[in-house]
Structures are given as C-alpha cells and as structure tokens.
Amino acid sequence: MSSRSTAFDELDRKIITALMANARTSFAEIGTAIGLSATAVKRRVDRLRETGVITGFSATVKPSALGWRTEAYVEVYCEGAAPPRRLAEVVRDYPEIAAAMTVTGGADALLHVRARDVEHFEEVLERIRQEPFIRKTISVMVLSHLLPESPEAGASQPAPEGVA
C-alpha cells in the first residue's frame, strides 16, 4: 500500500459503488455507465488498490446456504481492561464469529455470531464464557432481517441508479 496522497473524486466514488454492488462488473460496463473508457476505469481501480482504498474483492454468500441458520449478537463484558489485541486473538479462534468489534457503552465488545442452530449457538457461547477474562455476556437472537438486501443478511448491495 502506498502512503502517497491521491485525489479521490466523484468518478472514483462511482467506480467503487459499482464494484461494491457487483465486484464482477467489467471495466467496460462501469466505463459505459460513468462515461470513461475501460482502460481509464482499470487505471483508476489499479490506483485505488495501490493506495489501499480498495482492499480486495469477495463473494457474498447467503449464510443459510452454508448451514448457518441461527444468528445472534453477543455483548461481551471483561474483567478489568482487556486490551482489544487480546480480544482479537480470542475471537479469531471461533469460525462462528462473523464480526467482532470494541464498542462504547457498558460492554467491552460486540460479537456477531452465526451458528447451525440454537444448540450450536449455546456451545459457542459457553466456550466464549470460559475465556478467563470474560465476566459476562448478554445475547440477543436475530429473528429476521428488516433489510434482507443488506450484507449482514447475506446479500450484496444493489447499484444506485445510473451505475453499473
């Protein structure tokens, strides 16, 4: 990743929006939608990757297709001040944790957990609670996604009007 500062303009935003909606969109399709040649789009994407604005490309998969039918958010409360580095080490050991972040408020961290079923979720929760610095957890189960097109629900974002 380059540390040099690069201008980031409206065309870059349109390119990024198109790639976020569908990373498989061709440079020619993006170029047609925003008024650039495929070569110009490729140069901009290369620059955005080099400067670390674009960090990668991935596929979005519906969690239930992989057998993950239960979902919850878990607030984690630690003894003392557990450093974020230590929390990160722990959560990396759990393939069921889809996302983890430190947060403001009473909890020290918030975990997004996916499991096969409620019994599997309970097993994961018990393993988390066995970590020596975890004081308590508070869990909330996801019943349904109000925005089923969101990445959290396993969907990709649709492209805004006028962008491939």
# chains A, B, ... in the order shown; residues from 1 in each chain; ligands from 1
>>> select_by_dssp(residues="range 63-158 of chain A", states="alpha helix (DSSP H)", output="list in words")
Pro84, Arg85, Arg86, Leu87, Ala88, Glu89, Val90, Val91, Val118, Glu119, His120, Phe121, Glu122, Glu123, Val124, Leu125, Glu126, Arg127, Ile128 and Arg129 of chain A
>>> select_by_dssp(residues="range 12-162 of chain A", states="strand (DSSP E)", output="ChimeraX atom specification")
/A:70-78,97-102,109-115,134-141
>>> residues_around(residues="range 123-132 of chain A", least_positions_apart="6", cutoff="10 Å", atoms="only C-alpha atoms", output="PyMOL selection string")
chain A and resi 74+76-79+87+90-91+94-97+113-115+138-139
>>> write_last_selection(atoms="N, CA and C atoms", output="mmCIF file, in the first residue's frame")
data_model
loop_
_atom_site.group_PDB
_atom_site.id
_atom_site.type_symbol
_atom_site.label_atom_id
_atom_site.label_comp_id
_atom_site.auth_asym_id
_atom_site.auth_seq_id
_atom_site.Cartn_x
_atom_site.Cartn_y
_atom_site.Cartn_z
ATOM 1 N N VAL A 74 -23.726 -10.765 20.554
ATOM 2 C CA VAL A 74 -23.336 -11.036 21.934
ATOM 3 C C VAL A 74 -22.516 -9.861 22.452
ATOM 4 N N VAL A 76 -20.015 -8.553 25.147
ATOM 5 C CA VAL A 76 -19.010 -9.189 25.994
ATOM 6 C C VAL A 76 -18.511 -8.170 27.010
ATOM 7 N N TYR A 77 -18.533 -8.569 28.273
ATOM 8 C CA TYR A 77 -18.066 -7.736 29.380
ATOM 9 C C TYR A 77 -16.836 -8.426 29.973
ATOM 10 N N CYS A 78 -15.745 -7.694 30.079
ATOM 11 C CA CYS A 78 -14.483 -8.276 30.528
ATOM 12 C C CYS A 78 -14.137 -7.854 31.949
ATOM 13 N N GLU A 79 -13.338 -8.684 32.607
ATOM 14 C CA GLU A 79 -12.754 -8.321 33.903
ATOM 15 C C GLU A 79 -11.653 -7.314 33.634
ATOM 16 N N LEU A 87 -8.659 -9.512 22.881
ATOM 17 C CA LEU A 87 -9.983 -9.892 22.379
ATOM 18 C C LEU A 87 -9.891 -10.396 20.939
ATOM 19 N N VAL A 90 -8.674 -13.961 20.727
ATOM 20 C CA VAL A 90 -9.692 -14.937 21.130
ATOM 21 C C VAL A 90 -10.716 -15.140 20.023
ATOM 22 N N VAL A 91 -11.251 -14.071 19.471
ATOM 23 C CA VAL A 91 -12.340 -14.219 18.509
ATOM 24 C C VAL A 91 -11.870 -14.869 17.208
ATOM 25 N N TYR A 94 -12.721 -18.613 16.711
ATOM 26 C CA TYR A 94 -14.109 -19.032 16.574
ATOM 27 C C TYR A 94 -14.600 -18.790 15.153
ATOM 28 N N PRO A 95 -14.719 -19.842 14.338
ATOM 29 C CA PRO A 95 -15.228 -19.632 12.976
ATOM 30 C C PRO A 95 -16.674 -19.144 12.966
ATOM 31 N N GLU A 96 -17.384 -19.317 14.076
ATOM 32 C CA GLU A 96 -18.777 -18.885 14.153
ATOM 33 C C GLU A 96 -18.912 -17.376 14.319
ATOM 34 N N ILE A 97 -17.839 -16.697 14.678
ATOM 35 C CA ILE A 97 -17.905 -15.240 14.859
ATOM 36 C C ILE A 97 -17.682 -14.570 13.509
ATOM 37 N N VAL A 113 -22.471 -13.496 15.875
ATOM 38 C CA VAL A 113 -22.257 -14.943 15.862
ATOM 39 C C VAL A 113 -23.269 -15.614 14.940
ATOM 40 N N ARG A 114 -22.787 -16.550 14.129
ATOM 41 C CA ARG A 114 -23.652 -17.384 13.293
ATOM 42 C C ARG A 114 -23.426 -18.826 13.713
ATOM 43 N N ALA A 115 -24.503 -19.598 13.772
ATOM 44 C CA ALA A 115 -24.413 -20.998 14.189
ATOM 45 C C ALA A 115 -25.415 -21.829 13.387
ATOM 46 N N ILE A 138 -24.170 -10.876 27.244
ATOM 47 C CA ILE A 138 -25.609 -10.662 27.036
ATOM 48 C C ILE A 138 -25.853 -10.900 25.546
ATOM 49 N N SER A 139 -26.786 -11.795 25.253
ATOM 50 C CA SER A 139 -27.042 -12.175 23.864
ATOM 51 C C SER A 139 -28.422 -11.758 23.410
#
>>> closest_atom_pairs(of="range 58-128 of chain A", to="range 17-26 of chain A", cutoff="10 Å", atoms="only C-alpha atoms", output="Markdown table")
| residue | atom | partner | partner_atom | distance |
| --- | --- | --- | --- | --- |
| A:Ser58 | CA | A:Ala23 | CA | 7.4 |
| A:Ala59 | CA | A:Ala23 | CA | 8.1 |
| A:Thr60 | CA | A:Asn22 | CA | 9.6 |
>>> write_last_selection(atoms="C-alpha atoms", output="PDB file, in the first residue's frame")
ATOM      1  CA  SER A  58     -15.042 -11.108  -2.375  1.00  0.00           C
ATOM      2  CA  ALA A  59     -18.164 -13.161  -2.928  1.00  0.00           C
ATOM      3  CA  THR A  60     -21.226 -12.629  -0.752  1.00  0.00           C
TER       4      THR A  60
END
>>> closest_residue(among="A:Phe57, A:Phe121, A:Phe27, A:Phe133", to="Pro83 in chain A", atoms="only C-alpha atoms")
A:Phe133
>>> residues_around(residues="Leu143 in chain A", least_positions_apart="3", cutoff="12 Å", atoms="only C-alpha atoms", output="PyMOL selection string")
chain A and resi 69-73+140+146+153
>>> atom_distance(atom1="CA of Arg85 in chain A", atom2="CA of Ala99 in chain A")
14.8 Å
>>> closest_residue(among="A:Thr39, A:Arg135, A:Glu75, A:His145", to="Ala109 in chain A", atoms="only C-alpha atoms")
A:Glu75
>>> residues_around(residues="Leu48 in chain A", least_positions_apart="3", cutoff="10 Å", atoms="only C-alpha atoms", output="VMD selection string")
chain A and resid 1 to 2 6 8 12 15 to 16 42 to 45 51 to 55
>>> atom_distance(atom1="CA of Glu122 in chain A", atom2="CA of Thr137 in chain A")
11.9 Å
